[in-house]
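Encoded as structure tokens, the structure appears first; notes follow it.
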Amino acid sequence: MTTGDGNPLSDDALADLLARMSKTPKAAPVTPTRPSRPEKHYSVAFEDHPLYQQMKFQRGFASFAGLQSPYYRQHDVRAGAVSVIEGKPVVNFASYDYLGLNGHPEITQAIAKAAGEFGSSVSASRISAGERSVHRELERAIARNYEAQDCIAFVSGHAGAVSTIATLLGPKDLLVHDALIHNCVVVGAQLAGCTRRLFPHNDLDALEAMLAADRHRFERVLIVSEGLFSMDGDGPDLGRLIAIKQGFSAWLMIDDAHGLGVLGTAGRGIFEHQQVAPDGVDLWLGTLSKTLVSCGGYVAGCEAVVDLLKHQAPGFVYSVGMPAPAAVASTAALGLMEREPERVERLQRQSQRFHARAVAAGLDTGESWGFGVVPIIIGETVATLVLAERLLSQGINAFPIVPPGVPEKAARLRFFINATHSDQQIDDAVDCVAREIGALAGFSLKEILRR
């Protein structure tokens, strides 16, 4: 150790410096004060929390109406095109294992090998002692898919998105997003403290007008949309989004969680589906829990943004690293997708079959493209819950989506199509939905509940 002028410290000076550094300063004395009695009663019971009270009311109404809760139903086996719910076999349209890779022998073998080599946890944050070769192998594979310079893999898709947005934006910045964007983007903007605005779903004229009016008021602007919207099954005009972000000196983030493995001839996502160069998107956001049959999230982009996130994003720096078995599962799944494009082709073919038959039956599929996600829009919440219950009783599991997950009067059954769904399973499901909707048509709420 040297002094400020470059001369080395003497042994005595160094000892004195270390002694002074090790001393703990004495805290100022604190005079205890008698706590004052609150002027009014403050409830500390979680049962009194307004959100809990709201849940309690909703459950009470459901019980009164004779409706069973659709939430947290237990699956007894690995859920793919079929499953077993509380002991009853069902055709399953509620899981997003789009390519049917969950449980694939090659993936389970890779998981077992990684568990044997690295264990079930890396036992530290990656920045400290949790970095493993499997992490970088996964990140490089995802970066290659999006033709990006690099990628960062988080242990949570939702937390990864929140942490990325909160790291990149601040109070002087603007985040503008599609009205139907995923909750993770909204929470990320709240944590960032930036201004947040939304434009009507896929209305890029409105987005452009918004930026033309206000872009000059902000330092950085981030535009966010999805490659394939998980509630509606449609997506944006990616080429125009890129042109808008370039014209207004903004960043563009695309959440491709449901697009990867579903869109494009090889399943590479919306950019392949619309034949747009992927480097026009600054941040490719996604999750590992859909096509890649694991758990976690990713952001792919340029080297600088990945380097920044790996050293500054709290959801990465202060979180344990992804378990090695989870990382290798997604790497293996991505490899299978690349080597077996016939899985993507079959998924798209079966999805189009479901969509075409639903439209032919007069069912409202909204603006769905008919790839992977097909909603059947009912409108009324109670009728949607009743319909889901009736389908389940006939061995068809389609999850009801009700407000606030979707706008008021837009409740729906959401069907996730799997590459391993058979023609018969798809045809029977559409026929059953059409039949049951017909049976409920024209009845009042009271009559629907009695039926």
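For the structure tokens, the naming scheme is as follows: chains receive sequential letters (A, B, ...) according to their order of presentation, residues are indexed from 1 within each chain, and ligands are indexed from 1 in presentation order.
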- Message: List the spatial neighbours of Lys310 (chain A) as an MDAnalysis selection string - criterion: any atom at most 12 Å away, only C-alpha atoms, same-chain residues fewer than 3 positions off excluded.
- Response: chainID A and resid 125:128 131 150:154 160 163:164 167 298:300 303:307 313:319 321
- Query: What residues in region 32-154 of chain A get the DSSP label strand (DSSP E or B)? Please answer as an NGL selection string.
  - Reply: :A and (75 or 82-85 or 88-92 or 125 or 150-154)
- Task: Could you give me, as a PyMOL selection string, the residues within 9 Å of Ser368 (chain A), counting only C-alpha atoms and dropping anything in the same chain fewer than 5 positions from it?
- Result: chain A and resi 229+232-235+355+373-375
- Please report, as JSON, numbers by chain, each residue of region 60-158 of chain A to which DSSP assigns alpha helix (DSSP H) when run on this structure's backbone. {"A": [60, 61, 62, 63, 64, 65, 105, 106, 107, 108, 109, 110, 111, 112, 113, 114, 115, 116, 117, 118, 133, 134, 135, 136, 137, 138, 139, 140, 141, 142, 143, 144, 145, 157, 158]}
- Message: One number please: CA of Ala388 (chain A) to CA of Arg349 (chain A), in Å, one decimal.
- Response: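 Between CA of Ala388 (chain A) and CA of Arg349 (chain A) the gap works out to 25.0 Å.
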- Query: What's the 9 Å shell around Asn102 (chain A), counting only C-alpha atoms, without same-chain residues fewer than 2 positions away, as a list in words?
  - Reply: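 Listing them by chain and then by number gives Arg78, Ala79, Gly80, Asp97, Leu99, Gly100, His104, Ile107, Thr108, Thr291, Leu292, Val293, Ser294 and Ala333 of chain A.
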Just to be explicit: take each residue in the selection above, keep N, CA and C atoms, and write the result as a short mmCIF file (atom, residue, chain, number, x, y, z; two decimals), in the first residue's frame.
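Result file selection_11.cif:
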```
data_model
loop_
_atom_site.label_atom_id
_atom_site.label_comp_id
_atom_site.auth_asym_id
_atom_site.auth_seq_id
_atom_site.Cartn_x
_atom_site.Cartn_y
_atom_site.Cartn_z
N ARG A 78 -48.03 -35.27 -15.40
CA ARG A 78 -47.46 -34.26 -16.29
C ARG A 78 -48.54 -33.82 -17.28
N ALA A 79 -48.78 -32.51 -17.32
CA ALA A 79 -49.88 -31.98 -18.12
C ALA A 79 -49.40 -31.62 -19.52
N GLY A 80 -49.89 -32.33 -20.51
CA GLY A 80 -49.62 -32.02 -21.90
C GLY A 80 -50.94 -31.88 -22.63
N ASP A 97 -47.26 -25.86 -23.10
CA ASP A 97 -46.16 -26.69 -23.62
C ASP A 97 -46.42 -26.87 -25.11
N LEU A 99 -44.90 -27.24 -28.00
CA LEU A 99 -44.32 -28.25 -28.88
C LEU A 99 -44.33 -29.65 -28.28
N GLY A 100 -44.95 -29.79 -27.12
CA GLY A 100 -45.04 -31.11 -26.50
C GLY A 100 -43.70 -31.66 -26.05
N HIS A 104 -39.68 -34.84 -22.57
CA HIS A 104 -38.97 -35.49 -23.67
C HIS A 104 -37.72 -36.19 -23.13
N ILE A 107 -34.46 -34.32 -22.97
CA ILE A 107 -34.44 -33.23 -21.98
C ILE A 107 -34.29 -33.79 -20.57
N THR A 108 -35.01 -34.84 -20.26
CA THR A 108 -34.91 -35.40 -18.91
C THR A 108 -33.52 -35.99 -18.66
N THR A 291 -42.52 -22.80 -24.65
CA THR A 291 -41.88 -23.76 -25.55
C THR A 291 -40.64 -24.40 -24.94
N LEU A 292 -39.92 -23.64 -24.10
CA LEU A 292 -38.64 -24.13 -23.57
C LEU A 292 -38.79 -24.91 -22.27
N VAL A 293 -39.98 -25.25 -21.87
CA VAL A 293 -40.37 -26.22 -20.83
C VAL A 293 -39.51 -26.19 -19.57
N SER A 294 -39.19 -25.02 -19.09
CA SER A 294 -38.44 -24.92 -17.84
C SER A 294 -39.04 -23.79 -17.02
N ALA A 333 -34.38 -28.05 -25.10
CA ALA A 333 -35.65 -27.83 -25.78
C ALA A 333 -35.47 -26.96 -27.02
#
```
- List the neighbours of region 403-409 of chain A out to 9 Å using only C-alpha atoms; skip same-chain residues closer than 5 positions along the sequence, and give me the result as number ranges by chain. A: 180, 231, 378-381
- Item | Residue among A:Asn202, A:Ser83, A:Gln190, A:Ser95 lying closest to Glu367 (chain A), counting only C-alpha atoms |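 Looking only at the distances to Glu367 (chain A), the closest residue turns out to be A:Asn202.
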- Query: Skipping near chain neighbours, those fewer than 3 positions away, what residues fall within 7 Å of region 111-116 of chain A using only C-alpha atoms, listed as a PyMOL selection string?
  - Reply: chain A and resi 107-108+119-120+324-325+328-329
- Counting only C-alpha atoms, figure out which residue out of A:Gln246, A:Gln68, A:Thr384, A:Gln350 gets nearest to Tyr98 (chain A). A:Gln350
